[in-house]
>>> print(open('run-v3.csv').read())   # CSV, C-alpha atoms
chain,number,residue,atom,x,y,z
A,111,MET,CA,7.4,7.3,-24.5
A,112,TYR,CA,8.0,10.5,-22.7
A,113,ARG,CA,9.2,11.5,-19.2
A,114,HIS,CA,6.8,12.8,-16.6
A,115,HIS,CA,7.2,16.6,-16.3
A,116,ILE,CA,8.2,16.3,-12.6
A,117,PHE,CA,9.0,12.7,-11.6
A,118,GLU,CA,11.3,10.0,-12.9
A,119,LEU,CA,8.5,8.1,-14.7
A,120,LEU,CA,8.2,7.1,-18.3
A,121,LEU,CA,4.7,7.3,-19.8
A,122,HIS,CA,3.4,6.0,-23.1
A,123,ASP,CA,2.4,8.7,-25.5
A,124,ASP,CA,-1.0,9.0,-27.2
A,125,ASP,CA,0.0,7.1,-30.3
A,126,GLU,CA,1.4,4.2,-28.3
A,127,LEU,CA,-1.7,4.0,-26.2
A,128,ALA,CA,-3.9,4.2,-29.3
A,129,GLU,CA,-2.0,1.2,-30.8
A,130,VAL,CA,-2.6,-0.8,-27.6
A,131,LEU,CA,-6.2,0.2,-27.2
A,132,GLY,CA,-7.2,0.0,-30.8
A,133,SER,CA,-8.6,3.5,-30.9
A,134,SER,CA,-7.2,7.0,-30.9
A,135,VAL,CA,-6.9,8.9,-27.6
A,136,LEU,CA,-9.3,11.8,-27.1
A,137,GLU,CA,-8.6,12.7,-23.5
A,138,ARG,CA,-6.0,11.9,-20.7
A,139,ALA,CA,-6.7,13.2,-17.2
A,140,THR,CA,-4.4,12.6,-14.3
A,141,ILE,CA,-6.2,11.1,-11.3
A,142,HIS,CA,-3.3,10.7,-9.0
A,143,GLU,CA,0.5,11.2,-9.1
A,144,TRP,CA,3.4,11.2,-6.8
A,145,PRO,CA,7.1,10.4,-7.3
A,146,LEU,CA,6.6,6.6,-7.6
A,147,SER,CA,3.4,6.4,-9.7
A,148,CYS,CA,1.1,8.2,-12.0
A,149,VAL,CA,-2.6,7.2,-12.7
A,150,GLN,CA,-4.6,8.6,-15.6
A,151,ARG,CA,-8.0,8.1,-17.0
A,152,VAL,CA,-7.8,7.6,-20.8
A,153,ARG,CA,-10.9,8.1,-23.1
A,154,THR,CA,-10.8,6.9,-26.7
A,155,ALA,CA,-12.6,7.8,-29.9
A,156,ASN,CA,-14.7,4.6,-29.8
A,157,GLY,CA,-16.2,5.7,-26.5
A,158,SER,CA,-14.2,3.5,-24.1
A,159,SER,CA,-12.6,4.6,-20.9
A,160,TYR,CA,-9.5,3.0,-19.2
A,161,ILE,CA,-7.2,3.5,-16.3
A,162,TYR,CA,-3.5,3.9,-17.2
A,163,LYS,CA,-1.1,3.3,-14.4
A,164,VAL,CA,2.7,3.8,-14.5
A,165,GLN,CA,4.9,2.9,-11.5
A,166,ALA,CA,8.5,2.9,-10.4
A,167,PRO,CA,10.0,0.5,-7.8
A,168,PRO,CA,9.3,-0.8,-5.2
A,169,THR,CA,6.2,-2.4,-6.6
A,170,LEU,CA,5.0,-5.9,-7.2
A,171,GLU,CA,1.7,-5.0,-8.9
A,172,VAL,CA,2.6,-6.0,-12.5
A,173,ASN,CA,3.9,-9.3,-11.2
A,174,PHE,CA,0.8,-9.7,-9.0
A,175,TYR,CA,-1.6,-9.3,-11.8
A,176,ALA,CA,0.4,-11.6,-14.0
A,177,ARG,CA,-0.1,-14.4,-11.5
A,178,ALA,CA,-3.3,-13.7,-9.5
A,179,ARG,CA,-6.7,-15.2,-10.3
A,180,SER,CA,-9.7,-13.8,-8.5
A,181,GLU,CA,-13.1,-12.1,-9.1
A,182,LEU,CA,-11.8,-9.6,-6.5
A,183,LEU,CA,-9.6,-8.0,-9.2
A,184,VAL,CA,-10.4,-5.7,-12.0
A,185,PRO,CA,-9.2,-6.8,-15.5
A,186,VAL,CA,-5.7,-5.6,-16.2
A,187,ARG,CA,-3.5,-5.6,-19.3
A,188,VAL,CA,0.3,-5.4,-18.5
A,189,LEU,CA,2.3,-3.3,-21.0
A,190,GLU,CA,6.0,-3.6,-21.6
A,191,GLU,CA,8.4,-2.5,-19.0
A,192,LYS,CA,10.7,0.4,-19.8
A,193,GLY,CA,13.8,0.8,-17.6
A,194,ARG,CA,12.6,1.0,-14.0
A,195,THR,CA,9.0,1.8,-15.1
A,196,THR,CA,6.1,-0.6,-15.3
A,197,ALA,CA,2.8,0.2,-16.9
A,198,MET,CA,-0.7,-1.3,-16.9
A,199,ILE,CA,-4.1,-0.7,-18.6
A,200,MET,CA,-7.0,-1.4,-16.2
A,201,GLU,CA,-10.7,-1.5,-16.8
A,202,ASP,CA,-12.3,1.8,-15.7
A,203,VAL,CA,-14.9,0.4,-13.3
A,204,ASP,CA,-17.9,2.8,-12.9
A,205,ALA,CA,-18.6,2.1,-9.2
A,206,PRO,CA,-18.4,4.0,-5.9
A,207,ARG,CA,-15.6,3.4,-3.5
A,208,LEU,CA,-16.3,2.0,-0.1
A,209,ASN,CA,-15.5,5.4,1.5
A,210,ASP,CA,-18.3,7.0,-0.6
A,211,ILE,CA,-21.0,4.8,1.0
A,212,ARG,CA,-22.6,5.5,4.3
A,213,LEU,CA,-22.3,2.3,6.4
A,214,GLU,CA,-22.9,1.3,10.0
A,215,GLU,CA,-19.9,0.0,11.9
A,216,THR,CA,-21.4,-3.5,12.0
A,217,GLU,CA,-21.6,-3.5,8.2
A,218,ILE,CA,-18.0,-2.3,7.8
A,219,LEU,CA,-16.9,-5.2,10.1
A,220,ALA,CA,-18.7,-7.7,8.0
A,221,ILE,CA,-17.2,-6.2,4.8
A,222,ALA,CA,-13.7,-6.4,6.4
A,223,THR,CA,-14.2,-10.1,7.2
A,224,ASN,CA,-15.5,-10.8,3.7
A,225,LEU,CA,-12.6,-9.1,2.0
A,226,VAL,CA,-10.0,-10.9,4.2
A,227,GLU,CA,-11.7,-14.2,3.3
A,228,GLN,CA,-11.7,-13.3,-0.5
A,229,ILE,CA,-8.0,-12.3,-0.4
A,230,ALA,CA,-7.2,-15.6,1.2
A,231,GLU,CA,-8.9,-17.3,-1.8
A,232,ILE,CA,-6.9,-15.5,-4.5
A,233,GLY,CA,-5.4,-18.2,-6.8
A,234,GLY,CA,-1.8,-18.3,-8.2
A,235,GLU,CA,1.7,-18.1,-7.0
A,236,LEU,CA,1.4,-14.7,-5.4
A,237,PRO,CA,4.4,-12.4,-4.9
A,238,ALA,CA,5.0,-10.7,-1.5
A,239,MET,CA,7.3,-7.8,-0.5
A,240,VAL,CA,8.1,-9.4,2.8
A,241,ASP,CA,7.1,-12.4,4.9
A,242,ILE,CA,6.5,-11.6,8.6
A,243,CYS,CA,4.4,-14.7,9.5
A,244,THR,CA,6.6,-15.6,12.4
A,245,GLU,CA,8.3,-13.8,15.3
A,246,ASP,CA,11.7,-14.6,13.9
A,247,ARG,CA,10.9,-13.2,10.5
A,248,TRP,CA,9.4,-10.1,12.1
A,249,ALA,CA,12.6,-9.6,14.2
A,250,ALA,CA,14.7,-9.7,11.1
A,251,TYR,CA,12.5,-7.4,9.2
A,252,ILE,CA,12.2,-4.7,11.9
A,253,GLU,CA,16.0,-4.9,12.5
A,254,LEU,CA,16.6,-3.8,8.9
A,255,ALA,CA,14.0,-1.0,9.3
A,256,LEU,CA,15.6,0.3,12.5
A,257,ASP,CA,19.0,0.1,10.7
A,258,ASP,CA,17.6,2.4,8.1
A,259,ILE,CA,16.5,4.9,10.7
A,260,LEU,CA,19.9,4.8,12.5
A,261,ALA,CA,21.6,5.5,9.2
A,262,LEU,CA,19.4,8.5,8.6
A,263,ILE,CA,20.1,9.8,12.0
A,264,SER,CA,23.8,9.2,11.6
A,265,GLU,CA,24.0,11.2,8.3
A,266,GLY,CA,22.1,14.1,9.9
A,267,SER,CA,18.9,13.7,7.8
A,268,PHE,CA,16.6,12.9,10.8
A,269,HIS,CA,16.3,15.3,13.7
A,270,GLN,CA,12.9,14.7,15.2
A,271,VAL,CA,13.6,10.9,15.3
A,272,ASP,CA,16.6,10.5,17.6
A,273,LEU,CA,18.4,7.7,19.3
A,274,GLU,CA,16.2,7.8,22.4
A,275,LEU,CA,13.2,7.2,20.2
A,276,VAL,CA,14.9,4.4,18.4
A,277,ASN,CA,15.5,2.7,21.7
A,278,CYS,CA,11.8,3.0,22.5
A,279,LEU,CA,11.0,1.5,19.1
A,280,ILE,CA,13.3,-1.4,19.7
A,281,ARG,CA,11.5,-2.1,23.0
A,282,TRP,CA,8.0,-1.7,21.6
A,283,SER,CA,8.8,-4.0,18.7
A,284,GLU,CA,9.4,-6.8,21.1
A,285,THR,CA,6.4,-6.3,23.5
A,286,PRO,CA,4.3,-9.4,24.3
A,287,SER,CA,1.2,-7.8,22.8
A,288,LEU,CA,2.8,-7.4,19.4
A,289,MET,CA,4.3,-10.8,19.5
A,290,ASN,CA,0.9,-12.3,20.2
A,291,ALA,CA,-0.1,-11.0,16.8
A,292,PHE,CA,1.8,-13.8,15.2
A,293,ASP,CA,-0.4,-16.4,17.0
A,294,SER,CA,-3.3,-15.1,15.0
A,295,PRO,CA,-4.1,-16.4,11.5
A,296,THR,CA,-1.5,-15.5,8.9
A,297,GLY,CA,-1.6,-15.4,5.1
A,298,TYR,CA,-1.7,-13.1,2.2
A,299,VAL,CA,-2.2,-9.4,3.1
A,300,HIS,CA,-3.0,-6.6,0.8
A,301,ALA,CA,-1.3,-4.2,3.2
A,302,ASP,CA,-3.0,-1.1,1.9
A,303,LEU,CA,-6.7,-2.1,2.2
A,304,LYS,CA,-8.1,1.4,2.6
A,305,ALA,CA,-11.7,2.1,1.8
A,306,GLU,CA,-10.7,4.2,-1.2
A,307,ASN,CA,-9.1,1.1,-2.7
A,308,VAL,CA,-12.3,-0.9,-2.6
A,309,LEU,CA,-14.9,-0.5,-5.4
A,310,VAL,CA,-18.4,-1.6,-4.6
A,311,THR,CA,-20.0,-3.0,-7.8
A,312,PRO,CA,-23.3,-4.8,-8.4
A,313,LYS,CA,-21.3,-8.0,-8.8
A,314,GLY,CA,-19.2,-7.6,-5.6
A,315,TYR,CA,-16.2,-5.8,-4.4
A,316,ARG,CA,-13.1,-5.0,-6.5
A,317,VAL,CA,-9.9,-4.2,-4.7
A,318,LEU,CA,-7.2,-1.9,-6.2
A,319,ASP,CA,-3.6,-1.0,-5.6
A,320,TRP,CA,-1.7,-4.3,-5.1
A,321,GLN,CA,1.7,-2.6,-5.1
A,322,ARG,CA,3.2,-3.9,-1.9
A,323,PRO,CA,1.4,-7.0,-0.6
A,324,ILE,CA,3.0,-9.0,2.2
A,325,ARG,CA,2.5,-12.3,4.1
A,326,GLY,CA,1.7,-11.9,7.7
A,327,PRO,CA,-1.3,-11.7,10.2
A,328,VAL,CA,-4.3,-11.2,8.0
A,329,SER,CA,-6.1,-9.0,10.6
A,330,LEU,CA,-3.7,-6.2,9.4
A,331,ASP,CA,-6.1,-5.7,6.4
A,332,SER,CA,-9.1,-5.4,8.8
A,333,ALA,CA,-7.2,-2.8,10.9
A,334,THR,CA,-6.2,-0.8,7.7
A,335,LEU,CA,-9.8,-0.7,6.5
A,336,LEU,CA,-11.2,0.4,9.9
A,337,ILE,CA,-8.5,3.1,10.3
A,338,SER,CA,-9.3,4.4,6.8
A,339,LEU,CA,-12.9,4.9,7.8
A,340,GLY,CA,-12.2,6.6,11.1
A,341,ILE,CA,-13.0,3.6,13.3
A,342,ASP,CA,-10.8,2.7,16.3
A,343,PRO,CA,-9.4,-0.7,15.3
A,344,THR,CA,-8.6,-1.7,18.9
A,345,ARG,CA,-12.3,-2.3,19.4
A,346,HIS,CA,-12.2,-5.1,16.9
A,347,VAL,CA,-8.6,-6.4,16.5
A,348,SER,CA,-5.9,-6.9,19.0
A,349,ILE,CA,-3.6,-4.0,20.1
A,350,GLY,CA,-0.7,-6.1,18.8
A,351,ILE,CA,-2.2,-6.0,15.3
A,352,VAL,CA,-2.5,-2.2,15.5
A,353,GLN,CA,1.1,-1.9,16.8
A,354,LEU,CA,2.2,-4.1,13.9
A,355,TYR,CA,0.3,-1.8,11.5
A,356,HIS,CA,2.1,1.2,12.7
A,357,PHE,CA,5.5,-0.4,12.7
A,358,LEU,CA,5.0,-1.5,9.0
A,359,HIS,CA,4.4,2.1,8.1
A,360,ILE,CA,7.5,3.2,10.0
A,361,ALA,CA,9.5,0.6,8.1
A,362,TRP,CA,8.1,1.7,4.7
A,363,PHE,CA,8.8,5.4,5.4
A,364,ALA,CA,12.3,4.7,6.6
A,365,GLN,CA,13.1,2.6,3.5
A,366,ALA,CA,11.5,5.2,1.3
A,367,ALA,CA,13.6,8.0,2.9
A,368,ARG,CA,16.8,6.1,2.5
A,369,LYS,CA,16.4,4.4,-0.8
A,370,TRP,CA,13.4,5.5,-2.9
A,371,LEU,CA,12.6,9.1,-2.1
A,372,PRO,CA,15.6,10.7,-0.4
A,373,GLN,CA,14.3,14.2,-1.3
A,374,GLY,CA,11.5,13.6,1.2
A,375,LYS,CA,13.7,12.9,4.2
A,376,PRO,CA,12.5,15.9,6.3
A,377,TRP,CA,8.9,14.9,5.7
A,378,PHE,CA,9.6,11.2,6.5
A,379,ASP,CA,11.4,12.3,9.7
A,380,GLY,CA,8.2,14.1,10.9
A,381,ILE,CA,5.8,11.4,9.9
A,382,ILE,CA,7.8,8.6,11.7
A,383,LYS,CA,7.9,10.8,14.8
A,384,GLY,CA,4.1,11.1,14.6
A,385,ILE,CA,3.5,7.4,14.1
A,386,SER,CA,5.9,6.7,17.1
A,387,GLY,CA,3.5,8.9,19.2
A,388,GLU,CA,0.7,6.5,18.3
A,389,LEU,CA,2.8,3.5,19.3
A,390,ALA,CA,3.6,5.3,22.6
A,391,ARG,CA,-0.1,5.8,23.2
A,392,LEU,CA,-0.9,2.1,22.5
A,393,GLN,CA,2.0,1.1,24.8
A,394,GLN,CA,0.2,2.7,27.6
A,395,GLU,CA,-2.9,0.6,27.0
A,396,VAL,CA,-1.3,-2.8,27.1
>>> encode(input="run-v3.csv", output="structure tokens")
Amino acid sequence: MYRHHIFELLLHDDDELAEVLGSSVLERATIHEWPLSCVQRVRTANGSSYIYKVQAPPTLEVNFYARARSELLVPVRVLEEKGRTTAMIMEDVDAPRLNDIRLEETEILAIATNLVEQIAEIGGELPAMVDICTEDRWAAYIELALDDILALISEGSFHQVDLELVNCLIRWSETPSLMNAFDSPTGYVHADLKAENVLVTPKGYRVLDWQRPIRGPVSLDSATLLISLGIDPTRHVSIGIVQLYHFLHIAWFAQAARKWLPQGKPWFDGIIKGISGELARLQQEV
């Protein structure tokens, strides 16, 4: 194995992959990389093509694929874990992504409904990063997220996000519109159901990137899909769901800044400030 040239990731070398794949490696091309993951397309001498994905915490994807059973998933082979790094070989599905297809809004809504239904039918004892199916669990979760933000402010890492904004976030996290979201159907949530993570194959949809699924209001996945396609989600899901969507992103960025990617604190400071502006706008509509 070798270390990624920039990030703290361990990757299998060509000989190791050849042993796993049963054919020598002709080409490796990086499709996507950031500090917590690296995705490559690997082509072998026997003419096959695979997706090789390496990740660092926090991720549940290896655990998810080991347990999940569904036609919604691409075939995956889990490789051994090395230190903090997990690795997988995935089938390289030759299919367009949902964001590559021109669709009417009514068609997108139907697809969102269909995907939420299929996610609910995934078999197995599925892992989840967090459970926010009830108001009490939500309150405990957001308290930890706001504690992260307060710590970042206290240490001087955050400047755009200040105590005044934190007080606003506290109030907004308790609004009746958001709390009403927990009266809607709850269950397993992909939590990153962007159109780019949905492959459209002749045999149906295939959903990628199960790194940080949660349990909570299932309409969160619909909101994510709509937002990724530039559609105002408040026309189709409750404002409370959209508020919850933004709060979950704030919580993730705060946790990442404090624990997983401290080098990105200035960037996280700005992005949380921007998301807070979206919450302020939504607050005016309720």
>>> closest_residue(input="run-v3.csv", among="A:Lys163, A:Ile259, A:Glu265, A:Asp125", to="Ile382 (chain A)", atoms="only C-alpha atoms")
A:Ile259
>>> atom_distance(input="run-v3.csv", atom1="CA of Ala220 (chain A)", atom2="CA of Asp293 (chain A)")
22.2 Å
>>> atom_distance(input="run-v3.csv", atom1="CA of Ser287 (chain A)", atom2="CA of Leu256 (chain A)")
19.5 Å
>>> atom_distance(input="run-v3.csv", atom1="CA of Ala305 (chain A)", atom2="CA of Ser338 (chain A)")
6.0 Å
>>> closest_residue(input="run-v3.csv", among="A:Leu330, A:Leu335, A:Leu392, A:Ala291", to="Gly350 (chain A)", atoms="all atoms listed in the file")
A:Ala291
>>> closest_residue(input="run-v3.csv", among="A:Glu126, A:Asp342, A:Asp241, A:Asp379", to="Glu190 (chain A)", atoms="only C-alpha atoms")
A:Glu126
>>> residues_around(input="run-v3.csv", residues="Thr216 (chain A)", least_positions_apart="3", cutoff="12 Å", atoms="all atoms listed in the file", output="PyMOL selection string")
chain A and resi 212-213+219-223+336+341+345-346
>>> residues_near_point(input="run-v3.csv", point="(-1.2, -4.7, 15.5)", cutoff="9 Å", atoms="all atoms listed in the file", output="PDB file with C-alpha atoms, keeping the file's coordinate frame")
ATOM      1  CA  SER A 287       1.200  -7.800  22.800  1.00  0.00           C
ATOM      2  CA  LEU A 288       2.800  -7.400  19.400  1.00  0.00           C
ATOM      3  CA  ALA A 291      -0.100 -11.000  16.800  1.00  0.00           C
ATOM      4  CA  PRO A 327      -1.300 -11.700  10.200  1.00  0.00           C
ATOM      5  CA  SER A 329      -6.100  -9.000  10.600  1.00  0.00           C
ATOM      6  CA  LEU A 330      -3.700  -6.200   9.400  1.00  0.00           C
ATOM      7  CA  ALA A 333      -7.200  -2.800  10.900  1.00  0.00           C
ATOM      8  CA  THR A 344      -8.600  -1.700  18.900  1.00  0.00           C
ATOM      9  CA  VAL A 347      -8.600  -6.400  16.500  1.00  0.00           C
ATOM     10  CA  SER A 348      -5.900  -6.900  19.000  1.00  0.00           C
ATOM     11  CA  ILE A 349      -3.600  -4.000  20.100  1.00  0.00           C
ATOM     12  CA  GLY A 350      -0.700  -6.100  18.800  1.00  0.00           C
ATOM     13  CA  ILE A 351      -2.200  -6.000  15.300  1.00  0.00           C
ATOM     14  CA  VAL A 352      -2.500  -2.200  15.500  1.00  0.00           C
ATOM     15  CA  GLN A 353       1.100  -1.900  16.800  1.00  0.00           C
ATOM     16  CA  LEU A 354       2.200  -4.100  13.900  1.00  0.00           C
ATOM     17  CA  TYR A 355       0.300  -1.800  11.500  1.00  0.00           C
ATOM     18  CA  HIS A 356       2.100   1.200  12.700  1.00  0.00           C
ATOM     19  CA  PHE A 357       5.500  -0.400  12.700  1.00  0.00           C
TER      20      PHE A 357
END
>>> closest_residue(input="run-v3.csv", among="A:Val271, A:Ala166, A:Val276, A:Ile337", to="Asp257 (chain A)", atoms="all atoms listed in the file")
A:Val276
